[in-house]
Amino acid sequence: MTDRLRVPPVSPRPGDPQVDDAAVREHGLTTDEFARVCDSLGRAPTWTELGVFSVMWSEHCSYKTSRKFLKQFPTEGPRVLQGPGENAGVVDVGDGLGICFKMESHNHPSFIEPYQGAATGVGGILRDVFTMNARPIALLNSLRFGSPDHPKTRHLVDGVVAGIAGYGNCIGVPTVAGEVAFHPCYDGNNLVNAMAVGTVSADRIFRGIAAGVGNPVLYVGARTGRDGIHGATMASDSFEEGREGPRPTVQVGDPYTEKLLLEACMELLQKDAVVAIQDMGAAGLTSSSVEMAGRGGTGLLLHVDRVPRRESGMTPYECLLSESQERMLIVAARGREDVVEEVFSKWDLEAVVVGEVTDDGLWTVVENDRTVASIPVGALTDDAPVYDRPRQEPADLAQRHETPDLPAHGDCNEVLLRLLASPNIADKRWVYRQYDHMVRVGTLVKPGAADAAVIGLPGTSKAIAVCVDGNSVHVKMDPFEGAQGVIAEACRNVACTGAEPLGATDCLNFGNPERPEVMWEFERAVAGLAEGLRQVEVPIVSGNVSFYNETGSQSIHPTPTVGIVGLIEDRAHAVGLGLPESGQLVLLGSPRPVLGATAYARCIHDVEQGMPPRVQWDDERALLRTLRAGVARGLIRAAHDVSEGGLAVALAEMALAGGRTREVGSGLGCSVQLPAYPEAEARELLLFGETHGCAWVVVDEEDASDLLALSQELGCPARVAGSVGGDELCVADAHGTPVVQLPIERVRDAWEHGFSKAVGVPAPPPRP
Amino acid sequence: MKFGIVTFPGSNCDHDSYHVVKHVLGHEACFLWHKQEDFSGVDCVVLPGGFSYGDYLRCGAIARFSPIMDAVVRFANSGGYVVGICNGFQVLTEAGLLPGALLQNRDLKFICEDTTLLVANGHTPWTVLCPETIMAPIAHHEGCYFADDDTLGRLEGEGRVVFRYASRAGEEAAEANPNGAVNNIAGIINERGNVLGMMPHPERNGDTELGDGSGAWVFRSIIHSFEAQA
């Protein structure tokens, strides 16, 4: 601990409840933690202070369980302009431009109230980005729901998708990519991870660092209500029947107000009036003011009675802990308050001076000149508890690893159709059709038409490629290998459009960390992500951790999701995944397929067991280099990585999207021959087994030899496997015997209707 | 030619229209703030897409009372060119510059998708250079055009239906109607022809980087009409 500050006494506020053992328990603080609170204050806390400690020391705000492990992540590199610890991270893309991005979870609220929970998740992550002075240009999301048959699933899917659409569409930021997956482990805890991406002048990045004693602190944006009080504490607990404790309400989003707030902030940050700015997210006014003072090494004084409210009779406790949306806290340069007020008034928003920066290292709150809280800033930030929770290898790990004995199904046509119709693989048009994915006229490749979204950077010839990926079944079977696989797949996805991965953000969604087996999974998964990121030299610049995704005693699968931002120097070359009208199909990489833990094992055999595919990093890097160089030289005309469902599903997806290059077309046939494979009876293994290190690409016939030469030079095996053409999907084995032969129309029917049939929503009309 | 693009609070396609007019077509463009009571030196007003005033109450219902709208109505009544795109079309119907109303989509969901538009009348100032069909994406929740039979009869009889939803092949077909709009109507003009409202976004396909670029023909047409008149 730093030098101990003398903390002034604060007498109880008349009308506030007593701080007793029951109150401490209800606030989720342990006996040890409460003793630590008293120690840091040199006295017992007031009711207001208790609430503040409760949220600031919650898992959600303090990272007390995860902090120790997150240190393993690579966070530095020549491209990093801002690493973790700020509202969002920033990577350098040249031309004086930075890409600012972050992903965050909104799991717990989205399960209770799917529309508002998801909507405010989008609103929150957008504020994290534009508070850095970045103009948001894209939104992504990673969604996981319980079994499609579960009675709650349809309601949750409908609400979450509508909530994301409702917020993103209104504020005018395109929702360009994402993933939607289903698994029974999410029956009681769905996952909503939202990512925002923005562009910022590299020399105009704003941070949340309070500085300048006497500088005014301004509250801007929407008024404060009682919504969301203790949201951060809720997100730090499991769902359980009859649990005592504060009952939060889910916050309600107002994207219209956020649009005004966005424009007002963008306009204000062009003027020299702002020293620091921070979004009021989880734990609202408390965390924003405490974190700004903490980063600045200052103190901060708040006049809570000056906070604009939309309800009467709110106590300091309620004002400080409210998670009302669309609010920001600004430290302005002294004497420039009027600039802030003028800009916000133009946008019909309030800006009110509510406090000032001090030099006493204390976070002090007064109500009508009476002090209601006085806490050393450090006690709430750096000196918050850090835990090294017990970890234990799961008892069933050996069983998870055991290769399942899966009899061959025999009919590969049927297997392929069933995989394509399974809701995790099926066409997600029902979802992305509800998202405005084109506003801001930067979306160069439409959803479903590439492995990553490609967004043009205005005023340059560059584009960024962005994607979000996760594979919780692989991670569950082996967290270390599975998490490396998530990194490999995410990097492949951006590389398939021609991009070089520059930076990553992550959401670590896990169960109850007080269970040693969950902590073991967490430790191993973080180690796997860190290993993967080091192997590809991609730093993490932002992210978040969501524990306690547990209902009753059922924890979710360990689900790290990763968002990657990649750079395409010349966007005219960017490619999608749909087959062009003609060309040769080349398989890049050497398949090392496994059948355990795959979509095939789950869909066809109802088995979830076995080691996930292992990443061979030398091969993976060679593939990434080849994809990038092949696209940049204009040799590769379409590319799609091999992931869920293996070689056959990847090929079918290219055929289904075929006919147009930058949007999903009406489909084209193709014919390929599989490589020889040593294992006997390996037909289904080779077709549907999952592997890393592989991608299908299409090359013009006259360029094929150039691509093969390039691959060889870069150390990536490559083999011409067939060609585009016809109206059938044909796959033959190494002897030339057909193993899959299906009219595209039939393949399309399975793929296009799979999602709506499984989830029970009306099918969208045929593609125009 | 100079375009004035209105920014209502909640407009979010204002910069997209600006981009096409200024950077793709090389004409002048400026933004008009909703609190302005007057404007001058503008040859065509664009009411852009978005969620003006949050689309609270009813799409376009509050925007119609914004100070700038009195000036826009005066401008239109004096023959000035006005185009409302998406939310802008909704504002135009609320302001009484165009007949009919935009209802919720048939399937009650927001739809974002490319549409093919049949140019139903190629002799208007807005379509004079357009090919037989153009592509323009829709992105709306309330885009189902409706009008009573008398109004429809007049619109159809006077050739004021300018764009209809069509198949890729350019045929007007029920399956190509994304939102349930009566007679597949995607865009209409006023009696004088100087005011156009359309739900699809031509500015989102104004650049060949984003599609075939055919949305730009709407802007090229009005530039041509303006220059021919001048």
# chains A, B, ... in the order shown; residues from 1 in each chain; ligands from 1
>>> residues_around(residues="region 488-503 of chain A", least_positions_apart="2", cutoff="7 Å", atoms="only C-alpha atoms", output="PyMOL selection string")
chain A and resi 91+450-452+465-469+484-486+532+538-541+564-568+574-576+624+627-628+631-632+639-641
>>> select_by_dssp(residues="region 27-191 of chain B", states="alpha helix (DSSP H)", output="JSON, numbers by chain")
{"B": [67, 68, 69, 70, 71, 72, 73, 74, 75, 76, 77, 87, 88, 89, 90, 91, 92, 93, 94, 149, 150, 151, 152, 153, 154, 155, 156, 157]}
>>> interface_residues(of="chain B", to="chain A", cutoff="10 Å", atoms="only C-alpha atoms", output="PyMOL selection string")
chain B and resi 9-17+19-20+35+49-56+107+109-116+137-141+166-168+175-178+201+203-211
>>> write_last_selection(atoms="N, CA and C atoms", output="compact mmCIF listing (two decimals), in the first residue's frame")
# COMPACT_ATOMS: atom_id res chain seq x y z
N PRO B 9 -31.45 16.42 -35.26
CA PRO B 9 -30.85 15.60 -34.21
C PRO B 9 -31.28 14.14 -34.45
N GLY B 10 -30.33 13.26 -34.63
CA GLY B 10 -30.66 11.86 -34.90
C GLY B 10 -30.51 11.47 -36.36
N SER B 11 -30.26 12.45 -37.25
CA SER B 11 -29.94 12.10 -38.64
C SER B 11 -28.64 11.32 -38.63
N ASN B 12 -28.56 10.24 -39.40
CA ASN B 12 -27.28 9.53 -39.42
C ASN B 12 -26.79 9.18 -40.82
N CYS B 13 -27.53 9.61 -41.85
CA CYS B 13 -27.06 9.38 -43.22
C CYS B 13 -26.69 10.70 -43.87
N ASP B 14 -26.64 11.77 -43.09
CA ASP B 14 -26.33 13.08 -43.65
C ASP B 14 -24.94 13.09 -44.28
N HIS B 15 -23.99 12.46 -43.60
CA HIS B 15 -22.63 12.46 -44.14
C HIS B 15 -22.51 11.55 -45.37
N ASP B 16 -23.36 10.54 -45.46
CA ASP B 16 -23.32 9.64 -46.62
C ASP B 16 -23.77 10.38 -47.89
N SER B 17 -24.84 11.17 -47.76
CA SER B 17 -25.30 11.95 -48.92
C SER B 17 -24.25 12.99 -49.29
N HIS B 19 -21.09 12.78 -48.84
CA HIS B 19 -19.97 12.09 -49.48
C HIS B 19 -20.23 11.87 -50.97
N VAL B 20 -21.41 11.38 -51.31
CA VAL B 20 -21.70 11.07 -52.71
C VAL B 20 -21.70 12.35 -53.55
N LYS B 35 -32.00 23.88 -36.50
CA LYS B 35 -32.51 25.06 -35.80
C LYS B 35 -32.51 26.31 -36.69
N GLY B 49 -31.45 10.11 -44.25
CA GLY B 49 -31.94 9.02 -43.42
C GLY B 49 -31.45 9.16 -41.99
N GLY B 50 -32.02 8.32 -41.14
CA GLY B 50 -31.64 8.34 -39.73
C GLY B 50 -32.85 8.19 -38.85
N PHE B 51 -32.72 8.70 -37.65
CA PHE B 51 -33.80 8.60 -36.66
C PHE B 51 -33.99 9.99 -36.08
N SER B 52 -34.57 10.91 -36.90
CA SER B 52 -34.70 12.29 -36.43
C SER B 52 -35.51 12.31 -35.14
N TYR B 53 -34.99 13.03 -34.17
CA TYR B 53 -35.63 13.11 -32.84
C TYR B 53 -35.92 11.72 -32.28
N GLY B 54 -35.06 10.76 -32.63
CA GLY B 54 -35.20 9.41 -32.11
C GLY B 54 -36.35 8.64 -32.73
N ASP B 55 -37.04 9.27 -33.71
CA ASP B 55 -38.26 8.68 -34.27
C ASP B 55 -39.28 8.38 -33.17
N TYR B 56 -39.15 9.12 -32.08
CA TYR B 56 -40.12 8.93 -31.01
C TYR B 56 -41.46 9.49 -31.48
N ASP B 107 -43.28 -7.66 -42.01
CA ASP B 107 -42.91 -8.68 -41.01
C ASP B 107 -42.47 -8.07 -39.67
N LYS B 109 -40.15 -6.29 -38.69
CA LYS B 109 -38.73 -6.24 -38.34
C LYS B 109 -38.03 -5.18 -39.18
N PHE B 110 -36.93 -4.67 -38.63
CA PHE B 110 -36.05 -3.80 -39.41
C PHE B 110 -35.44 -4.65 -40.52
N ILE B 111 -35.34 -4.09 -41.72
CA ILE B 111 -34.71 -4.83 -42.83
C ILE B 111 -33.60 -3.98 -43.43
N CYS B 112 -32.44 -4.57 -43.52
CA CYS B 112 -31.33 -3.92 -44.22
C CYS B 112 -30.90 -4.87 -45.33
N GLU B 113 -31.08 -4.44 -46.58
CA GLU B 113 -30.81 -5.33 -47.70
C GLU B 113 -30.78 -4.53 -49.00
N ASP B 114 -30.05 -5.05 -49.97
CA ASP B 114 -30.09 -4.43 -51.29
C ASP B 114 -31.46 -4.63 -51.91
N THR B 115 -31.93 -3.63 -52.63
CA THR B 115 -33.14 -3.85 -53.44
C THR B 115 -32.87 -3.36 -54.86
N THR B 116 -33.56 -3.98 -55.78
CA THR B 116 -33.52 -3.52 -57.17
C THR B 116 -34.75 -2.65 -57.38
N PRO B 137 -29.91 0.03 -51.48
CA PRO B 137 -30.27 -0.74 -50.28
C PRO B 137 -31.39 -0.05 -49.50
N ILE B 138 -32.19 -0.86 -48.84
CA ILE B 138 -33.13 -0.32 -47.85
C ILE B 138 -32.56 -0.59 -46.46
N ALA B 139 -32.96 0.23 -45.51
CA ALA B 139 -32.59 0.03 -44.11
C ALA B 139 -33.63 0.75 -43.28
N HIS B 140 -34.74 0.06 -43.02
CA HIS B 140 -35.82 0.72 -42.29
C HIS B 140 -36.71 -0.28 -41.57
N HIS B 141 -37.45 0.24 -40.62
CA HIS B 141 -38.45 -0.53 -39.89
C HIS B 141 -39.86 -0.09 -40.29
N ALA B 166 -38.39 -4.33 -57.42
CA ALA B 166 -38.43 -5.29 -58.52
C ALA B 166 -37.44 -6.42 -58.27
N SER B 167 -37.57 -7.46 -59.06
CA SER B 167 -36.61 -8.56 -58.98
C SER B 167 -35.28 -8.11 -59.59
N ARG B 168 -34.24 -8.90 -59.40
CA ARG B 168 -32.95 -8.54 -59.99
C ARG B 168 -33.06 -8.37 -61.49
N GLU B 175 -42.83 -11.04 -54.81
CA GLU B 175 -41.71 -11.58 -54.01
C GLU B 175 -40.61 -10.55 -53.83
N ALA B 176 -40.57 -9.56 -54.69
CA ALA B 176 -39.50 -8.57 -54.61
C ALA B 176 -39.86 -7.41 -53.69
N ASN B 177 -41.08 -7.47 -53.14
CA ASN B 177 -41.54 -6.39 -52.27
C ASN B 177 -41.06 -6.68 -50.84
N PRO B 178 -40.10 -5.94 -50.32
CA PRO B 178 -39.50 -6.31 -49.05
C PRO B 178 -40.34 -5.96 -47.83
N HIS B 201 -31.91 3.78 -50.23
CA HIS B 201 -30.81 4.74 -50.09
C HIS B 201 -29.93 4.76 -51.34
N GLU B 203 -27.72 6.84 -52.00
CA GLU B 203 -26.37 7.29 -51.62
C GLU B 203 -25.51 6.13 -51.12
N ARG B 204 -26.14 5.02 -50.74
CA ARG B 204 -25.35 3.87 -50.29
C ARG B 204 -24.84 3.03 -51.46
N ASN B 205 -25.27 3.39 -52.64
CA ASN B 205 -24.73 2.73 -53.83
C ASN B 205 -24.34 3.79 -54.84
N GLY B 206 -23.65 4.82 -54.33
CA GLY B 206 -23.27 5.92 -55.20
C GLY B 206 -21.85 5.76 -55.72
N ASP B 207 -21.22 4.69 -55.30
CA ASP B 207 -19.79 4.52 -55.50
C ASP B 207 -19.59 3.06 -55.91
N THR B 208 -18.78 2.81 -56.92
CA THR B 208 -18.64 1.42 -57.38
C THR B 208 -17.92 0.55 -56.35
N GLU B 209 -17.33 1.19 -55.35
CA GLU B 209 -16.72 0.42 -54.28
C GLU B 209 -17.78 -0.29 -53.44
N LEU B 210 -19.00 0.25 -53.46
CA LEU B 210 -20.05 -0.27 -52.59
C LEU B 210 -21.07 -1.13 -53.33
N GLY B 211 -20.96 -1.21 -54.64
CA GLY B 211 -21.94 -1.95 -55.42
C GLY B 211 -21.71 -1.61 -56.87
>>> residues_around(residues="Asn121 (chain B)", least_positions_apart="2", cutoff="12 Å", atoms="only C-alpha atoms", output="PyMOL selection string")
chain B and resi 117-119+123-133+155-164+187-189+193
>>> closest_residue(among="B:Lys22, B:Arg220, B:Arg192, B:His27", to="Leu97 (chain B)", atoms="only C-alpha atoms")
B:Arg192
>>> closest_residue(among="A:Ser461, A:Gln712, A:Thr364, A:Gln741", to="Val52 (chain A)", atoms="only C-alpha atoms")
A:Thr364
